[in-house]
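Participant: This structure is in structure tokens; I'll ask about it shortly.
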Amino acid sequence: MSVFRSKMFKTKMTNCCFFLTALILMVPTSSTTTDNPTYSASTDTFIYANCSQARFSPGSAYEINLKSLLSSLVTSTVLNRYNNLTVPFGSGVKPEPDVTVYGLFQCSVDLDSTSCSSCVSRAIALVGNRCPNSYSVFLQMQNCLVRYDKISFFGVQDKTVMLKTCGQPMGFYDQDALTRVSDVIGSLGSGSEPDRTGVNGDVRGMAQCTWDLSPAQCQDCLTDAIGRLRSDCLMAQGGYVYLSKCYARFSFGGSHARQTPNSNFGVEKYDKDDDDNNIGKTLVIIIGIITLVILLVVLLAFLGKKLRKLQDDKCCR
């Protein structure tokens with residue numbers, strides 16, 4: 001009889017262990033999935049658009065000149081990766097308020113003429129949808145930009161923050177990754193060219209300023225963008241800082257020319273949404289651990305009671 005009860009006790013112990021193991025496996029744990037930018041062969045990924053509230057009337061002289069300007073910008077991508085134009089054309093033409101259009105396009109340093117033309121054409125096609133009839137438009141694609149205004153902005157320094165994003169934090173103890181990121185960001189700050197790239201292992205970086213700036217203006221703008229990138233995103237798994245006349249960015253893996261923000265990237269989004277998500281995950285984990293502790297205490301109390309009963313029955317015999 002005592003042998004039978006001993007077997008019954010071992011069977012209950014085994015079932016309880018399986019039950020406890022199943023509960024542990026059901027508790028959510030923190031994910032190791034990274035929030036890096038995704039990579040694609042496309043050069044036509046939309047990043048952001050800045051549109052003026054002031055709008056021109058359909059069929060106006062400004063619209064006629066704007067269409068001429070945009071058409072000429074696309075045509076000039078065949079021979080150039082950058083060009084700025086003023087319409088009406090001609091140095092002897094006197095600019096008229098609300099009629100003259102100033103515009104430019106610029107492509108990334110590694111795009112060939114076909115890819116550059118495709119990117120600029122895509123950007124111009126998006127202008128009508130995102131900024132209908134706006135006098136001033138700044139539309140940034142992944143590897144090109146198109147900008148126009150009724151007031152000349154050529155050669156004018158402007159370090160207004162247009163977009164700043166950081167990915168999720170990397171591991172605090174991943175010193176090697178931190179070193180690679182720091183090296184890449186640092187390399188973007190050196191040199192005199194308006195287009196700069198950096199690489200260290202799987203970390204890729206790019207910085208660029210618009211070619212209408214002087215070398216001194218370009219360096220000043222990039223210094224600001226790179227400084228913000230370092231201070232805000234150094235511990236992140238990717239980052240973007242777009243100013244009005246330049247940008248700097250980095251990410252892990254893939255080609256630096258194919259970095260595109262995924263759905264978890266947005267203006268200042270990391271500061272709020274990612275923190276909220278992390279807090280939610282932490283709360284779930286804490287609640288799960290507390291539940292396990294309570295169940296474990298109950299289980300041990302139950303087993304202790306059964307063990308004492310078995311011992312009492314044994315003593316009585």
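Ordering of the structure tokens sets the chain letters (A, B, ...), residue numbers begin anew at 1 in every chain, and ligands are numbered from 1 in the order given.
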Using only C-alpha atoms, find each residue in region 66-145 of chain A having at least one atom no more than 9 Å away from region 152-155 of chain A; report its shortest atom-to-atom pair and that distance in Å (one decimal), rows by chain then rising number, as a Markdown table.

Facilitator:
```
| residue | atom | partner | partner_atom | distance |
| --- | --- | --- | --- | --- |
| A:Asn84 | CA | A:Phe154 | CA | 8.0 |
| A:Thr86 | CA | A:Ser152 | CA | 8.6 |
| A:Val101 | CA | A:Ser152 | CA | 8.0 |
| A:Tyr102 | CA | A:Ser152 | CA | 5.7 |
| A:Gly103 | CA | A:Ser152 | CA | 8.3 |
| A:Leu104 | CA | A:Phe154 | CA | 8.8 |
```

Participant: Which polymer residues have any atom within 9 Å of an atom of Cys144 (chain A), counting only C-alpha atoms, with same-chain residues fewer than 6 positions away left out, as a PDB file with N, CA and C atoms, in the first residue's frame?

Facilitator:
```pdb
ATOM      1  N   THR A  43      15.189  52.588 -55.328  1.00  0.00           N
ATOM      2  CA  THR A  43      15.743  53.891 -54.967  1.00  0.00           C
ATOM      3  C   THR A  43      14.633  54.922 -54.829  1.00  0.00           C
ATOM      4  N   ASP A  44      13.386  54.474 -54.922  1.00  0.00           N
ATOM      5  CA  ASP A  44      12.264  55.400 -55.003  1.00  0.00           C
ATOM      6  C   ASP A  44      11.436  55.464 -53.721  1.00  0.00           C
ATOM      7  N   ARG A  81      23.758  64.626 -61.625  1.00  0.00           N
ATOM      8  CA  ARG A  81      23.124  64.145 -60.398  1.00  0.00           C
ATOM      9  C   ARG A  81      22.622  65.312 -59.557  1.00  0.00           C
ATOM     10  N   PHE A 105      17.125  69.520 -58.064  1.00  0.00           N
ATOM     11  CA  PHE A 105      17.077  68.110 -57.695  1.00  0.00           C
ATOM     12  C   PHE A 105      18.493  67.672 -57.346  1.00  0.00           C
ATOM     13  N   GLN A 106      18.595  66.602 -56.576  1.00  0.00           N
ATOM     14  CA  GLN A 106      19.899  66.029 -56.256  1.00  0.00           C
ATOM     15  C   GLN A 106      19.733  64.553 -55.979  1.00  0.00           C
ATOM     16  N   CYS A 107      20.671  63.744 -56.498  1.00  0.00           N
ATOM     17  CA  CYS A 107      20.659  62.301 -56.295  1.00  0.00           C
ATOM     18  C   CYS A 107      21.864  61.876 -55.466  1.00  0.00           C
ATOM     19  N   SER A 108      21.763  60.709 -54.854  1.00  0.00           N
ATOM     20  CA  SER A 108      22.871  60.168 -54.080  1.00  0.00           C
ATOM     21  C   SER A 108      24.075  59.888 -54.979  1.00  0.00           C
ATOM     22  N   CYS A 116      18.855  57.667 -61.078  1.00  0.00           N
ATOM     23  CA  CYS A 116      18.633  59.046 -60.658  1.00  0.00           C
ATOM     24  C   CYS A 116      17.371  59.594 -61.317  1.00  0.00           C
ATOM     25  N   CYS A 119      14.291  58.061 -59.736  1.00  0.00           N
ATOM     26  CA  CYS A 119      14.018  58.596 -58.402  1.00  0.00           C
ATOM     27  C   CYS A 119      13.404  59.992 -58.483  1.00  0.00           C
ATOM     28  N   VAL A 120      13.978  60.841 -59.313  1.00  0.00           N
ATOM     29  CA  VAL A 120      13.472  62.211 -59.455  1.00  0.00           C
ATOM     30  C   VAL A 120      12.072  62.209 -60.061  1.00  0.00           C
ATOM     31  N   ALA A 123       9.664  61.260 -57.405  1.00  0.00           N
ATOM     32  CA  ALA A 123       9.465  62.359 -56.461  1.00  0.00           C
ATOM     33  C   ALA A 123       8.511  63.404 -57.027  1.00  0.00           C
TER      34      ALA A 123
END
```

Participant: Could you tell me which of A:Gln208, A:Ser244, A:Gln219, A:Ser134 comes closest to Ala54 (chain A) if we count only C-alpha atoms?

Facilitator: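 Among the listed residues, A:Ser134 lies closest to Ala54 (chain A).
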
Participant: Would you return as a PyMOL selection string the members of region 93-243 of chain A that DSSP assigns to strand (DSSP E) on this structure's backbone?

Facilitator: chain A and resi 101-107+137-141+144-149+161-166+195-200+203-209+238-243

Participant: List every residue of region 193-260 of chain A that DSSP, applied to the backbone of this structure, assigns to helix (DSSP H, G or I), and report them as a PyMOL selection string.

Facilitator: chain A and resi 215-233+256-258

Participant: Please provide the set of residues having any atom within 8 Å of region 177-180 of chain A, restricted to only C-alpha atoms, with same-chain residues fewer than 2 positions apart removed, written as a ChimeraX atom specification.

Facilitator: /A:174-175,182-184,200-201,203,234-235

Participant: Show which residues sit within 10 Å of Val156 (chain A), as a PyMOL selection string. Count only C-alpha atoms, and ignore same-chain residues fewer than 4 positions away.

Facilitator: chain A and resi 152+212-214+217+245

Participant: Can you work out which one of A:Leu292, A:Met162, A:Ala216, A:Leu73 has the shortest atom-to-atom distance to Tyr240 (chain A), counting only C-alpha atoms?

Facilitator: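 Nearest to Tyr240 (chain A): A:Met162.
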
Participant: Enter the distance from CA of Ala49 (chain A) to CA of Gln140 (chain A), in Å, rounded to one decimal.

Facilitator: 6.2 Å

Participant: Just the residues within 6 Å of Gly205 (chain A), please, counting only C-alpha atoms, with nothing from its chain fewer than 6 positions along; format it as a VMD selection string.

Facilitator: chain A and resid 197 to 198 249 to 250 256

Participant: Nearest to Val87 (chain A): which of A:Ala125, A:Val137, A:Leu66, A:Leu300 is it, counting only C-alpha atoms?

Facilitator: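 Among the listed residues, the smallest separation from Val87 (chain A) belongs to A:Leu66.
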
Participant: Separation of CA of Ser52 (chain A) and CA of Ser136 (chain A), in Å?

Facilitator: 5.1 Å

Participant: State, in Å with one decimal place, the distance from CA of Phe252 (chain A) to CA of Leu229 (chain A).

Facilitator: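 The value is 14.7 Å.
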
Participant: Counting only C-alpha atoms, figure out which residue out of A:Lys67, A:Arg204, A:Arg196, A:Lys305 gets nearest to Val181 (chain A).

Facilitator: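 Nearest candidate to Val181 (chain A) out of A:Lys67, A:Arg204, A:Arg196, A:Lys305: A:Arg204.
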